[in-house]
file input.cif (mmCIF, C-alpha atoms)
data_target
#
loop_
_atom_site.label_atom_id
_atom_site.label_comp_id
_atom_site.auth_asym_id
_atom_site.auth_seq_id
_atom_site.Cartn_x
_atom_site.Cartn_y
_atom_site.Cartn_z
CA MET A 1 -29.08 -14.05 -6.39
CA THR A 2 -28.75 -17.59 -5.04
CA VAL A 3 -25.82 -19.71 -6.19
CA GLN A 4 -25.93 -23.20 -4.70
CA SER A 5 -24.43 -26.46 -5.93
CA ALA A 6 -22.74 -29.53 -4.54
CA ALA A 7 -19.34 -27.94 -5.06
CA PRO A 8 -18.03 -25.12 -2.83
CA LEU A 9 -18.97 -21.61 -3.92
CA ARG A 10 -16.08 -20.20 -5.97
CA VAL A 11 -15.24 -16.57 -5.13
CA ALA A 12 -12.63 -14.42 -6.88
CA LEU A 13 -11.35 -11.19 -5.31
CA THR A 14 -9.95 -8.22 -7.26
CA VAL A 15 -8.14 -5.36 -5.53
CA LEU A 16 -7.41 -1.90 -6.91
CA GLY A 17 -5.53 0.86 -5.11
CA CYS A 18 -3.87 0.89 -1.72
CA LYS A 19 -2.57 -1.72 0.70
CA VAL A 20 -5.58 -1.05 2.95
CA ASN A 21 -7.83 -2.37 0.18
CA PHE A 22 -5.67 -5.46 -0.09
CA ALA A 23 -5.74 -6.00 3.68
CA GLU A 24 -9.54 -5.79 3.61
CA MET A 25 -9.76 -8.41 0.87
CA ALA A 26 -7.32 -10.68 2.67
CA ASP A 27 -9.59 -10.52 5.71
CA LEU A 28 -12.65 -11.23 3.52
CA ALA A 29 -10.87 -14.20 1.94
CA GLY A 30 -10.30 -15.72 5.37
CA ARG A 31 -13.92 -15.27 6.40
CA LEU A 32 -15.20 -16.77 3.14
CA ALA A 33 -12.86 -19.75 3.39
CA ALA A 34 -13.97 -20.36 6.97
CA GLY A 35 -17.57 -20.33 5.68
CA GLY A 36 -16.83 -23.04 3.11
CA CYS A 37 -16.12 -20.94 0.01
CA ASP A 38 -13.32 -21.73 -2.40
CA VAL A 39 -11.40 -18.46 -2.90
CA VAL A 40 -9.86 -18.69 -6.37
CA PRO A 41 -7.46 -16.50 -8.40
CA GLU A 42 -8.97 -13.70 -10.47
CA HIS A 43 -8.22 -15.41 -13.79
CA GLU A 44 -10.18 -18.55 -12.89
CA PRO A 45 -13.96 -19.05 -13.33
CA ALA A 46 -15.99 -17.95 -10.31
CA ASP A 47 -19.58 -17.94 -9.07
CA VAL A 48 -19.06 -14.63 -7.25
CA ARG A 49 -16.60 -11.81 -7.90
CA VAL A 50 -15.74 -8.97 -5.53
CA LEU A 51 -14.03 -5.80 -6.75
CA ASN A 52 -12.55 -3.44 -4.12
CA SER A 53 -12.21 -0.09 -5.89
CA CYS A 54 -10.07 3.04 -5.60
CA THR A 55 -10.91 6.72 -6.16
CA VAL A 56 -7.66 8.51 -5.35
CA THR A 57 -7.67 10.10 -8.83
CA ALA A 58 -10.13 10.46 -11.70
CA GLN A 59 -8.07 7.80 -13.50
CA ALA A 60 -8.68 5.43 -10.58
CA ASP A 61 -12.42 5.75 -11.13
CA ALA A 62 -11.87 5.07 -14.84
CA THR A 63 -9.85 1.98 -13.95
CA THR A 64 -12.72 0.76 -11.75
CA ARG A 65 -15.15 1.08 -14.68
CA GLN A 66 -12.72 -0.71 -16.99
CA ARG A 67 -12.20 -3.54 -14.53
CA ILE A 68 -15.96 -4.03 -14.11
CA ARG A 69 -16.26 -4.47 -17.88
CA ARG A 70 -13.31 -6.87 -17.93
CA LEU A 71 -14.72 -9.02 -15.12
CA ARG A 72 -18.10 -9.16 -16.87
CA ARG A 73 -16.42 -10.38 -20.07
CA LEU A 74 -14.32 -12.89 -18.14
CA ASP A 75 -17.28 -14.37 -16.25
CA PRO A 76 -20.68 -13.16 -17.59
CA GLY A 77 -22.69 -15.34 -15.21
CA ALA A 78 -20.91 -14.42 -11.99
CA HIS A 79 -22.54 -12.36 -9.25
CA LEU A 80 -20.46 -9.16 -9.23
CA VAL A 81 -20.02 -7.26 -5.95
CA LEU A 82 -18.52 -3.75 -5.98
CA THR A 83 -17.15 -1.98 -2.91
CA GLY A 84 -14.46 0.53 -1.99
CA CYS A 85 -13.80 4.23 -2.24
CA SER A 86 -15.11 4.70 -5.78
CA VAL A 87 -18.55 3.62 -4.52
CA ASP A 88 -18.58 6.30 -1.81
CA ALA A 89 -17.17 9.01 -4.09
CA ASN A 90 -19.67 8.28 -6.89
CA PRO A 91 -22.98 7.32 -5.25
CA GLY A 92 -25.43 5.73 -7.64
CA ALA A 93 -22.94 5.65 -10.52
CA TYR A 94 -22.48 1.89 -10.73
CA THR A 95 -25.62 0.28 -12.06
CA THR A 96 -24.15 -2.65 -14.02
CA VAL A 97 -23.04 -4.66 -10.98
CA ASP A 98 -25.22 -6.99 -8.93
CA SER A 99 -24.44 -5.65 -5.44
CA VAL A 100 -22.86 -2.45 -4.12
CA PHE A 101 -21.37 -1.99 -0.64
CA ALA A 102 -20.13 1.32 0.72
CA ASN A 103 -16.94 1.32 2.78
CA LYS A 104 -18.89 1.40 6.05
CA ASP A 105 -20.79 -1.73 4.97
CA LYS A 106 -17.79 -3.83 3.90
CA ASP A 107 -18.12 -6.11 6.90
CA SER A 108 -21.46 -7.29 5.50
CA ILE A 109 -19.99 -8.61 2.24
CA ALA A 110 -19.02 -11.97 3.72
CA GLU A 111 -22.53 -12.56 5.07
CA HIS A 112 -23.99 -11.51 1.69
CA ILE A 113 -21.84 -14.05 -0.16
CA LEU A 114 -22.19 -16.87 2.35
CA ALA A 115 -25.96 -16.59 2.00
CA MET A 116 -25.48 -17.88 -1.57
CA SER A 117 -23.46 -20.87 -0.41
CA ARG A 118 -24.64 -24.28 0.75
CA PRO A 119 -25.56 -24.20 4.46
CA ASP A 120 -23.55 -27.40 5.02
CA ALA A 121 -20.40 -26.16 3.23
CA ILE A 122 -17.18 -27.36 4.80
CA ALA A 123 -14.64 -24.81 6.00
CA GLN A 124 -11.63 -24.35 3.70
CA ASP A 125 -8.09 -23.30 4.49
CA ALA A 126 -7.60 -19.55 4.15
CA PRO A 127 -5.72 -18.81 0.91
CA LEU A 128 -2.23 -17.29 1.00
CA LEU A 129 -3.02 -14.25 -1.17
CA ARG A 130 0.49 -12.89 -0.72
CA SER A 131 3.59 -14.04 1.08
CA ARG A 132 3.53 -10.92 3.25
CA ALA A 133 0.47 -10.41 5.45
CA PHE A 134 -1.29 -7.04 5.15
CA VAL A 135 -3.07 -6.24 8.41
CA LYS A 136 -5.43 -3.26 8.53
CA VAL A 137 -5.16 -1.38 11.82
CA GLN A 138 -6.76 1.98 10.95
CA ASP A 139 -9.31 3.45 8.55
CA GLY A 140 -10.46 6.93 7.54
CA CYS A 141 -8.57 10.21 7.56
CA ALA A 142 -8.71 13.39 9.61
CA HIS A 143 -6.76 15.46 7.07
CA ARG A 144 -8.25 17.62 4.35
CA CYS A 145 -5.62 17.69 1.60
CA THR A 146 -6.95 19.92 -1.14
CA TYR A 147 -6.27 17.44 -3.97
CA CYS A 148 -7.75 14.38 -2.22
CA ILE A 149 -11.24 12.92 -2.01
CA VAL A 150 -10.34 9.77 -0.07
CA TRP A 151 -11.10 11.38 3.30
CA GLN A 152 -14.65 11.93 2.05
CA ALA A 153 -14.94 8.35 0.83
CA ARG A 154 -13.44 6.77 3.96
CA GLY A 155 -14.83 9.05 6.65
CA ALA A 156 -13.29 9.97 9.98
CA SER A 157 -10.19 8.28 11.32
CA SER A 158 -10.89 5.15 13.36
CA SER A 159 -8.55 2.63 14.96
CA ILE A 160 -8.83 -1.10 15.47
CA ALA A 161 -8.37 -2.13 19.11
CA PRO A 162 -4.85 -3.35 19.95
CA ARG A 163 -6.16 -6.73 21.12
CA ALA A 164 -7.84 -7.33 17.75
CA VAL A 165 -4.67 -6.27 15.92
CA HIS A 166 -2.61 -8.71 17.99
CA GLU A 167 -5.07 -11.50 17.16
CA ARG A 168 -4.82 -10.77 13.43
CA VAL A 169 -1.05 -10.60 13.52
CA ARG A 170 -0.80 -13.83 15.49
CA ALA A 171 -3.13 -15.56 13.01
CA ALA A 172 -0.97 -14.30 10.12
CA VAL A 173 2.24 -15.57 11.74
CA ASP A 174 0.61 -18.92 12.54
CA GLY A 175 -0.50 -19.06 8.90
CA GLY A 176 3.07 -18.91 7.64
CA HIS A 177 3.69 -15.18 7.18
CA ALA A 178 7.08 -13.98 8.38
CA GLU A 179 6.47 -10.33 7.43
CA ILE A 180 3.49 -8.34 8.66
CA VAL A 181 2.63 -5.04 6.96
CA LEU A 182 0.57 -2.71 9.16
CA CYS A 183 -1.84 -0.75 6.95
CA GLY A 184 -4.01 2.31 7.42
CA VAL A 185 -5.46 5.09 5.31
CA ASP A 186 -3.81 7.50 7.77
CA LEU A 187 -1.60 5.10 9.70
CA GLY A 188 0.13 7.77 11.76
CA SER A 189 -3.16 8.72 13.42
CA TYR A 190 -3.59 5.22 14.84
CA GLY A 191 -4.85 5.20 18.42
CA ARG A 192 -5.78 8.84 18.83
CA ASP A 193 -9.47 7.91 19.01
CA ILE A 194 -8.97 5.06 21.51
CA GLY A 195 -6.37 6.46 23.89
CA THR A 196 -3.17 4.97 22.52
CA ASP A 197 -0.73 5.57 19.64
CA LEU A 198 1.16 3.87 16.83
CA PRO A 199 4.54 3.55 18.62
CA THR A 200 2.87 1.74 21.52
CA LEU A 201 1.15 -0.69 19.14
CA VAL A 202 4.30 -1.33 17.12
CA ALA A 203 6.44 -1.88 20.23
CA SER A 204 3.96 -4.39 21.63
CA LEU A 205 3.78 -6.27 18.31
CA LEU A 206 7.56 -6.44 18.08
CA ASP A 207 7.64 -7.91 21.59
CA SER A 208 4.96 -10.50 20.84
CA CYS A 209 6.42 -11.57 17.47
CA GLY A 210 9.88 -12.14 18.90
CA ASP A 211 12.20 -13.63 16.27
CA THR A 212 9.43 -15.32 14.29
CA ALA A 213 8.37 -12.37 12.13
CA ARG A 214 9.23 -8.80 11.21
CA ILE A 215 6.97 -5.74 11.04
CA ARG A 216 6.73 -3.18 8.24
CA LEU A 217 4.73 0.06 8.19
CA SER A 218 2.83 0.63 4.96
CA SER A 219 2.88 4.45 4.76
CA ILE A 220 3.18 7.34 7.19
CA ASN A 221 3.34 11.14 6.94
CA ALA A 222 6.50 12.85 8.12
CA ASN A 223 4.61 14.88 10.73
CA ASP A 224 3.41 11.64 12.35
CA VAL A 225 6.91 10.22 12.84
CA THR A 226 7.43 10.89 16.53
CA ASP A 227 10.60 10.50 18.58
CA SER A 228 9.20 7.19 19.85
CA LEU A 229 8.84 5.87 16.30
CA VAL A 230 12.33 7.08 15.42
CA ALA A 231 13.70 5.12 18.39
CA LEU A 232 11.89 1.97 17.22
CA ASN A 233 13.67 2.22 13.86
CA ALA A 234 16.72 0.74 15.60
CA HIS A 235 14.76 -2.45 16.42
CA PRO A 236 16.04 -5.40 14.35
CA ARG A 237 12.52 -6.73 13.68
CA LEU A 238 11.10 -3.44 12.36
CA CYS A 239 11.80 -3.14 8.63
CA SER A 240 14.16 -0.24 7.95
CA HIS A 241 11.91 1.05 5.18
CA TRP A 242 9.69 4.11 5.50
CA HIS A 243 7.21 5.07 2.83
CA MET A 244 6.72 8.79 3.57
CA PRO A 245 4.60 10.63 0.97
CA LEU A 246 6.32 13.86 -0.03
CA GLN A 247 4.02 15.29 -2.75
CA SER A 248 6.23 18.39 -3.08
CA GLY A 249 9.55 19.73 -1.83
CA SER A 250 8.22 23.30 -1.84
CA ASP A 251 6.75 24.82 1.31
CA ARG A 252 4.52 27.06 -0.78
CA VAL A 253 2.99 24.10 -2.59
CA LEU A 254 2.74 21.98 0.57
CA ARG A 255 0.82 24.81 2.21
CA ALA A 256 -1.57 25.01 -0.77
CA MET A 257 -2.04 21.25 -0.60
CA HIS A 258 -2.83 21.47 3.15
CA ARG A 259 -0.12 18.96 3.97
CA GLY A 260 0.73 18.83 7.65
CA TYR A 261 4.51 19.09 7.31
CA ARG A 262 7.04 21.33 5.60
CA ARG A 263 10.33 20.71 3.83
CA ALA A 264 12.52 21.21 6.91
CA GLN A 265 10.47 18.76 8.98
CA TYR A 266 10.58 16.12 6.24
CA LEU A 267 14.36 16.40 6.04
CA ARG A 268 14.72 16.43 9.82
CA VAL A 269 12.68 13.23 10.17
CA SER A 270 14.54 11.42 7.40
CA ARG A 271 17.88 12.31 8.99
CA ALA A 272 16.71 11.19 12.44
CA LEU A 273 15.52 7.83 11.12
CA ARG A 274 18.84 7.24 9.38
CA ALA A 275 20.70 8.24 12.52
CA ALA A 276 18.77 5.55 14.42
CA ASN A 277 19.46 3.00 11.68
CA PRO A 278 21.94 3.86 8.89
CA ALA A 279 20.45 1.12 6.67
CA THR A 280 17.11 2.98 6.46
CA GLU A 281 15.57 3.37 3.00
CA PHE A 282 12.80 5.72 1.91
CA THR A 283 10.13 5.45 -0.75
CA THR A 284 7.62 8.18 -1.51
CA ASP A 285 4.81 9.67 -3.61
CA ILE A 286 5.42 12.90 -5.51
CA MET A 287 2.82 15.02 -7.28
CA VAL A 288 3.95 17.40 -10.02
CA GLY A 289 2.00 20.14 -11.74
CA PHE A 290 -0.17 21.09 -8.77
CA PRO A 291 -2.00 24.36 -9.58
CA GLY A 292 0.33 27.29 -9.03
CA GLU A 293 3.52 25.19 -8.98
CA SER A 294 6.39 27.31 -10.36
CA GLU A 295 9.79 26.32 -11.71
CA ASP A 296 11.30 27.29 -8.36
CA ASP A 297 8.83 24.99 -6.59
CA HIS A 298 9.70 22.19 -9.00
CA ASN A 299 13.42 22.72 -8.38
CA ASP A 300 12.76 22.51 -4.63
CA THR A 301 11.29 19.06 -5.20
CA LEU A 302 14.27 17.95 -7.30
CA SER A 303 16.76 19.11 -4.69
CA LEU A 304 14.88 17.37 -1.87
CA VAL A 305 14.79 14.11 -3.84
CA ASP A 306 18.55 14.32 -4.19
CA GLU A 307 19.07 15.19 -0.53
CA VAL A 308 16.90 12.39 0.89
CA GLY A 309 18.03 9.79 -1.64
CA PHE A 310 14.83 7.80 -2.24
CA LEU A 311 14.99 4.16 -3.21
CA GLN A 312 11.77 4.54 -5.20
CA GLY A 313 9.30 7.28 -5.99
CA HIS A 314 5.76 7.05 -7.32
CA VAL A 315 5.59 10.19 -9.49
CA PHE A 316 2.31 11.39 -10.97
CA ARG A 317 0.87 14.54 -12.47
CA TRP A 318 -1.94 16.42 -10.75
CA SER A 319 -5.27 16.12 -12.54
CA PRO A 320 -8.60 17.80 -11.70
CA ARG A 321 -10.61 15.71 -9.26
CA PRO A 322 -14.27 16.77 -8.96
CA GLY A 323 -15.21 17.50 -5.38
CA THR A 324 -11.75 18.65 -4.28
CA PRO A 325 -10.78 22.28 -3.53
CA ALA A 326 -7.72 22.16 -5.79
CA THR A 327 -9.98 21.80 -8.82
CA ALA A 328 -11.21 25.38 -8.25
CA ILE A 329 -7.70 26.87 -8.45
CA ASP A 330 -7.28 28.70 -11.76
CA ASP A 331 -3.49 28.85 -11.96
CA ARG A 332 -3.03 25.59 -13.87
CA VAL A 333 0.34 24.27 -15.03
CA ASP A 334 0.29 23.64 -18.77
CA ASP A 335 0.39 20.02 -19.88
CA ALA A 336 3.79 20.19 -21.56
CA SER A 337 5.42 21.64 -18.45
CA ALA A 338 3.73 19.08 -16.20
CA ARG A 339 4.96 16.23 -18.40
CA ARG A 340 8.50 17.60 -18.46
CA ARG A 341 8.55 18.04 -14.70
CA SER A 342 7.21 14.54 -14.19
CA ALA A 343 9.98 13.12 -16.38
CA GLU A 344 12.62 15.13 -14.51
CA VAL A 345 11.43 13.95 -11.09
CA ARG A 346 11.27 10.35 -12.34
CA ARG A 347 14.86 10.60 -13.53
CA ALA A 348 15.89 12.07 -10.18
CA THR A 349 14.28 9.22 -8.22
CA LYS A 350 15.82 6.73 -10.66
CA ARG A 351 19.28 8.18 -9.98
CA SER A 352 18.82 8.11 -6.20
CA GLY A 353 17.43 4.57 -6.43
CA ALA A 354 20.50 3.45 -8.38
CA ARG A 355 22.72 4.90 -5.65
CA SER A 356 20.75 3.03 -3.02
CA LEU A 357 21.10 -0.27 -4.89
CA ALA A 358 24.82 0.25 -5.35
CA ALA A 359 25.23 0.92 -1.63
CA ALA A 360 23.25 -2.24 -0.79
CA CYS A 361 25.53 -4.39 -2.94
CA GLY A 362 28.15 -6.32 -0.98
CA ARG A 363 26.01 -6.37 2.17
CA VAL A 364 24.03 -9.09 3.97
CA HIS A 365 20.25 -8.65 3.96
CA GLU A 366 17.27 -10.40 5.49
CA VAL A 367 14.72 -11.23 2.78
CA ALA A 368 11.02 -12.14 2.86
CA TRP A 369 10.30 -14.37 -0.13
CA ASP A 370 7.39 -13.29 -2.35
CA SER A 371 7.58 -15.99 -5.02
CA VAL A 372 9.56 -19.21 -5.32
CA ASP A 373 9.85 -21.79 -8.09
CA ALA A 374 12.35 -24.46 -9.06
CA GLU A 375 14.72 -22.02 -10.77
CA VAL A 376 14.50 -18.66 -9.00
CA ALA A 377 13.18 -16.94 -5.87
CA HIS A 378 12.09 -13.29 -5.63
CA GLY A 379 11.84 -11.35 -2.39
CA LEU A 380 12.19 -8.06 -0.53
CA THR A 381 14.83 -6.94 1.93
CA GLY A 382 13.85 -5.12 5.09
CA GLY A 383 14.87 -1.93 3.29
CA TYR A 384 12.55 -2.74 0.36
CA HIS A 385 15.19 -3.72 -2.19
CA GLU A 386 13.97 -6.32 -4.66
CA VAL A 387 16.09 -9.48 -4.56
CA VAL A 388 16.54 -12.49 -6.83
CA VAL A 389 18.29 -15.76 -5.95
CA ALA A 390 18.80 -18.62 -8.40
CA GLY A 391 18.64 -22.32 -7.69
CA ALA A 392 17.58 -22.45 -4.04
CA PRO A 393 14.83 -25.11 -3.75
CA GLU A 394 14.95 -25.02 0.06
CA ILE A 395 13.43 -21.51 0.14
CA ARG A 396 9.77 -21.42 1.24
CA GLN A 397 7.43 -18.67 0.08
CA GLY A 398 6.69 -16.29 2.95
CA SER A 399 9.75 -17.28 4.96
CA LEU A 400 12.78 -15.20 5.92
CA SER A 401 16.37 -15.86 4.83
CA LEU A 402 19.74 -14.16 4.97
CA VAL A 403 21.37 -13.39 1.64
CA HIS A 404 24.52 -11.71 0.38
CA ALA A 405 24.00 -9.14 -2.39
CA SER A 406 26.64 -9.70 -5.06
CA ALA A 407 25.47 -7.60 -8.01
CA VAL A 408 22.94 -5.04 -9.22
CA GLU A 409 20.72 -6.20 -12.08
CA GLY A 410 18.52 -3.39 -13.32
CA ASP A 411 16.40 -2.35 -10.34
CA ARG A 412 17.07 -5.39 -8.17
CA LEU A 413 19.88 -7.18 -6.33
CA ARG A 414 21.31 -10.51 -7.43
CA CYS A 415 22.01 -12.43 -4.23
CA THR A 416 23.41 -15.65 -2.83
CA LEU A 417 21.49 -17.53 -0.15
CA LEU A 418 23.29 -17.73 3.20
CA ARG A 419 20.71 -19.26 5.53
CA SER A 420 16.97 -20.02 5.54
#

call {"tool": "encode", "arguments": {"input": "input.cif", "output": "structure tokens"}}
result
Amino acid sequence: MTVQSAAPLRVALTVLGCKVNFAEMADLAGRLAAGGCDVVPEHEPADVRVLNSCTVTAQADATTRQRIRRLRRLDPGAHLVLTGCSVDANPGAYTTVDSVFANKDKDSIAEHILAMSRPDAIAQDAPLLRSRAFVKVQDGCAHRCTYCIVWQARGASSSIAPRAVHERVRAAVDGGHAEIVLCGVDLGSYGRDIGTDLPTLVASLLDSCGDTARIRLSSINANDVTDSLVALNAHPRLCSHWHMPLQSGSDRVLRAMHRGYRRAQYLRVSRALRAANPATEFTTDIMVGFPGESEDDHNDTLSLVDEVGFLQGHVFRWSPRPGTPATAIDDRVDDASARRRSAEVRRATKRSGARSLAAACGRVHEVAWDSVDAEVAHGLTGGYHEVVVAGAPEIRQGSLSLVHASAVEGDRLRCTLLRS
């Protein structure tokens, strides 16, 4: 398809799934803008639409199909490009889109789209898709969790060279981002294929950013949190927030899932990180109803949630995923039990989150501002608490400020601005 007019080519990007997908689309947005395209919000009319899909569950594939239909209704004449993990997990399944790119071919999407644009198009400013910059440093996964198909869709673990990471981070800081989120499908494996490691990368980025920006890790498994990473948790420019997927608090279930850690290691790591920085907060993912999960296993999860004290937990029920070993396990948890367990774990994470918010009240926090208007500003603390401040027109989206938390309002902190 050729789409050429006097006006810049309008391209809308839609992201489903993980922060890696978002980082990839942020990179694509910059390349398209540099090539003269006008990258517009999803709700606006567009000449070209790109959907980056997810396949982590069967529901994620269903969401991809639903979003394709929605984008077609929204803009029937647009050239629709589909990419992402759902493409790799379901080869040949998507026949109603105009172009399909597997994960390994994502770098070709920009060239594909720019070929539709005017050859004399003038470079545009890269859009600020979010106030925090998501920088992809790693792709693929070397693990073989029995419930997961992402490692098949993404392929083997591969790392982006440190020099390229530094260039992307510097560009993000120069573009007005004061928080950089390092993303990877299996972030903890960064560097193993190129002779380095994640702590070395993070330490060098903290040195180069100085006081101008802070660094956050998107997600990391407990067995990848080394002593060197624990030591870095004391650094004032590394966000004291660790998203460590748990999945289960039972060693028996973790073993069946082929997770690389056990309950004792998870607890040991969380304690070590808090010892390095007492302000450390944890968020997590928890799967309930995995085949063979007993009431004792479920209770192990509940007790671990209470012991760690998570700020937030993404709780979901296991569902059969074609192509994964767990689907072949016969000992299924009945639906009523799985729903009850899910509700109980959600309540447990809600209780621990409320305790975390209460403890954060009365303290001073550094906040990165996600959205700002004339009446209110919303942001995130280094520990991942949501913050709201009223009537502070001097706040700039993407910047950092110090605030004092004065009250808890639902699941966020009401704060007073101290300094921008």

call {"tool": "residues_around", "arguments": {"input": "input.cif", "residues": "Thr327 (chain A)", "least_positions_apart": "2", "cutoff": "10 Å", "atoms": "all atoms listed in the file", "output": "compact mmCIF listing (two decimals) with C-alpha atoms, in the coordinates of the input"}}
result
# COMPACT_ATOMS: atom_id res chain seq x y z
CA THR A 146 -6.95 19.92 -1.14
CA TYR A 147 -6.27 17.44 -3.97
CA PHE A 290 -0.17 21.09 -8.77
CA PRO A 291 -2.00 24.36 -9.58
CA TRP A 318 -1.94 16.42 -10.75
CA SER A 319 -5.27 16.12 -12.54
CA PRO A 320 -8.60 17.80 -11.70
CA ARG A 321 -10.61 15.71 -9.26
CA PRO A 322 -14.27 16.77 -8.96
CA GLY A 323 -15.21 17.50 -5.38
CA THR A 324 -11.75 18.65 -4.28
CA PRO A 325 -10.78 22.28 -3.53
CA ILE A 329 -7.70 26.87 -8.45
CA ASP A 330 -7.28 28.70 -11.76
CA ARG A 332 -3.03 25.59 -13.87

call {"tool": "resolve_selection", "arguments": {"input": "input.cif", "expression": "the PyMOL selection byres ((chain A and resi 164-169) around 12)", "output": "number ranges by chain"}}
result
A: 23-24, 26-27, 30, 132-138, 159-163, 170-183, 190-191, 198, 201-209, 212-216

call {"tool": "closest_atom_pairs", "arguments": {"input": "input.cif", "of": "region 254-350 of chain A", "to": "region 400-416 of chain A", "cutoff": "10 Å", "atoms": "all atoms listed in the file", "output": "JSON lines"}}
result
{"residue": "A:Leu311", "atom": "CA", "partner": "A:Asp411", "partner_atom": "CA", "distance": 9.8}
{"residue": "A:Gln312", "atom": "CA", "partner": "A:Asp411", "partner_atom": "CA", "distance": 9.8}
{"residue": "A:Lys350", "atom": "CA", "partner": "A:Asp411", "partner_atom": "CA", "distance": 9.1}

call {"tool": "atom_distance", "arguments": {"input": "input.cif", "atom1": "CA of Pro41 (chain A)", "atom2": "CA of Leu9 (chain A)"}}
result
13.4 Å

call {"tool": "atom_distance", "arguments": {"input": "input.cif", "atom1": "CA of Ala326 (chain A)", "atom2": "CA of Arg144 (chain A)"}}
result
11.1 Å

call {"tool": "closest_residue", "arguments": {"input": "input.cif", "among": "A:Leu74, A:Arg49, A:Ala153, A:Gly35", "to": "Ala123 (chain A)", "atoms": "all atoms listed in the file"}}
result
A:Gly35

call {"tool": "closest_residue", "arguments": {"input": "input.cif", "among": "A:Ala7, A:Met244, A:Ala12, A:Ala234", "to": "Ile220 (chain A)", "atoms": "all atoms listed in the file"}}
result
A:Met244

call {"tool": "resolve_selection", "arguments": {"input": "input.cif", "expression": "the PyMOL selection byres ((chain A and resi 248-254) around 12)", "output": "ChimeraX atom specification"}}
result
/A:145-147,244-247,255-267,284-308,313,315-318,326,341-342,345

call {"tool": "axis_aligned_box", "arguments": {"input": "input.cif", "around": "region 104-116 of chain A", "padding_each_side": "5 Å", "output": "JSON"}}
result
{"center_x": -21.9, "center_y": -8.2, "center_z": 2.7, "size_x": 18.2, "size_y": 29.3, "size_z": 18.5}

call {"tool": "atom_distance", "arguments": {"input": "input.cif", "atom1": "CA of Ile109 (chain A)", "atom2": "CA of Thr63 (chain A)"}}
result
21.8 Å

call {"tool": "resolve_selection", "arguments": {"input": "input.cif", "expression": "the PyMOL selection byres ((chain A and resi 81) around 8)", "output": "ChimeraX atom specification"}}
result
/A:48-51,79-80,82-83,97-101

call {"tool": "residues_around", "arguments": {"input": "input.cif", "residues": "region 84-86 of chain A", "least_positions_apart": "5", "cutoff": "7 Å", "atoms": "all atoms listed in the file", "output": "VMD selection string"}}
result
chain A and resid 52 to 55 61 102 to 103 150 153 to 154

call {"tool": "decode", "arguments": {"input": "input.cif", "residues": "region 210-221 of chain A", "atoms": "N, CA and C atoms", "output": "PDB file, in the first residue's frame"}}
result
ATOM      1  N   GLY A 210      24.128  10.871  36.710  1.00  0.00           N
ATOM      2  CA  GLY A 210      24.369  11.828  37.782  1.00  0.00           C
ATOM      3  C   GLY A 210      23.093  12.151  38.539  1.00  0.00           C
ATOM      4  N   ASP A 211      22.840  13.461  38.732  1.00  0.00           N
ATOM      5  CA  ASP A 211      21.636  13.891  39.452  1.00  0.00           C
ATOM      6  C   ASP A 211      20.494  14.256  38.515  1.00  0.00           C
ATOM      7  N   THR A 212      20.671  14.031  37.209  1.00  0.00           N
ATOM      8  CA  THR A 212      19.668  14.501  36.255  1.00  0.00           C
ATOM      9  C   THR A 212      18.509  13.537  36.073  1.00  0.00           C
ATOM     10  N   ALA A 213      18.693  12.273  36.410  1.00  0.00           N
ATOM     11  CA  ALA A 213      17.633  11.285  36.187  1.00  0.00           C
ATOM     12  C   ALA A 213      17.801  10.133  37.158  1.00  0.00           C
ATOM     13  N   ARG A 214      16.752   9.365  37.329  1.00  0.00           N
ATOM     14  CA  ARG A 214      16.806   8.161  38.146  1.00  0.00           C
ATOM     15  C   ARG A 214      16.508   6.952  37.267  1.00  0.00           C
ATOM     16  N   ILE A 215      16.934   5.789  37.747  1.00  0.00           N
ATOM     17  CA  ILE A 215      16.794   4.534  37.009  1.00  0.00           C
ATOM     18  C   ILE A 215      15.836   3.618  37.763  1.00  0.00           C
ATOM     19  N   ARG A 216      14.976   2.936  37.005  1.00  0.00           N
ATOM     20  CA  ARG A 216      14.083   1.927  37.580  1.00  0.00           C
ATOM     21  C   ARG A 216      14.228   0.640  36.768  1.00  0.00           C
ATOM     22  N   LEU A 217      14.205  -0.501  37.432  1.00  0.00           N
ATOM     23  CA  LEU A 217      14.197  -1.792  36.744  1.00  0.00           C
ATOM     24  C   LEU A 217      12.749  -2.227  36.559  1.00  0.00           C
ATOM     25  N   SER A 218      12.431  -2.733  35.374  1.00  0.00           N
ATOM     26  CA  SER A 218      11.034  -3.071  35.091  1.00  0.00           C
ATOM     27  C   SER A 218      10.584  -4.321  35.840  1.00  0.00           C
ATOM     28  N   SER A 219      11.354  -5.397  35.772  1.00  0.00           N
ATOM     29  CA  SER A 219      10.958  -6.672  36.379  1.00  0.00           C
ATOM     30  C   SER A 219      12.178  -7.579  36.423  1.00  0.00           C
ATOM     31  N   ILE A 220      12.312  -8.325  37.513  1.00  0.00           N
ATOM     32  CA  ILE A 220      13.468  -9.216  37.634  1.00  0.00           C
ATOM     33  C   ILE A 220      13.114 -10.380  38.539  1.00  0.00           C
ATOM     34  N   ASN A 221      13.583 -11.575  38.188  1.00  0.00           N
ATOM     35  CA  ASN A 221      13.337 -12.758  39.013  1.00  0.00           C
ATOM     36  C   ASN A 221      14.249 -12.749  40.239  1.00  0.00           C
TER      37      ASN A 221
END
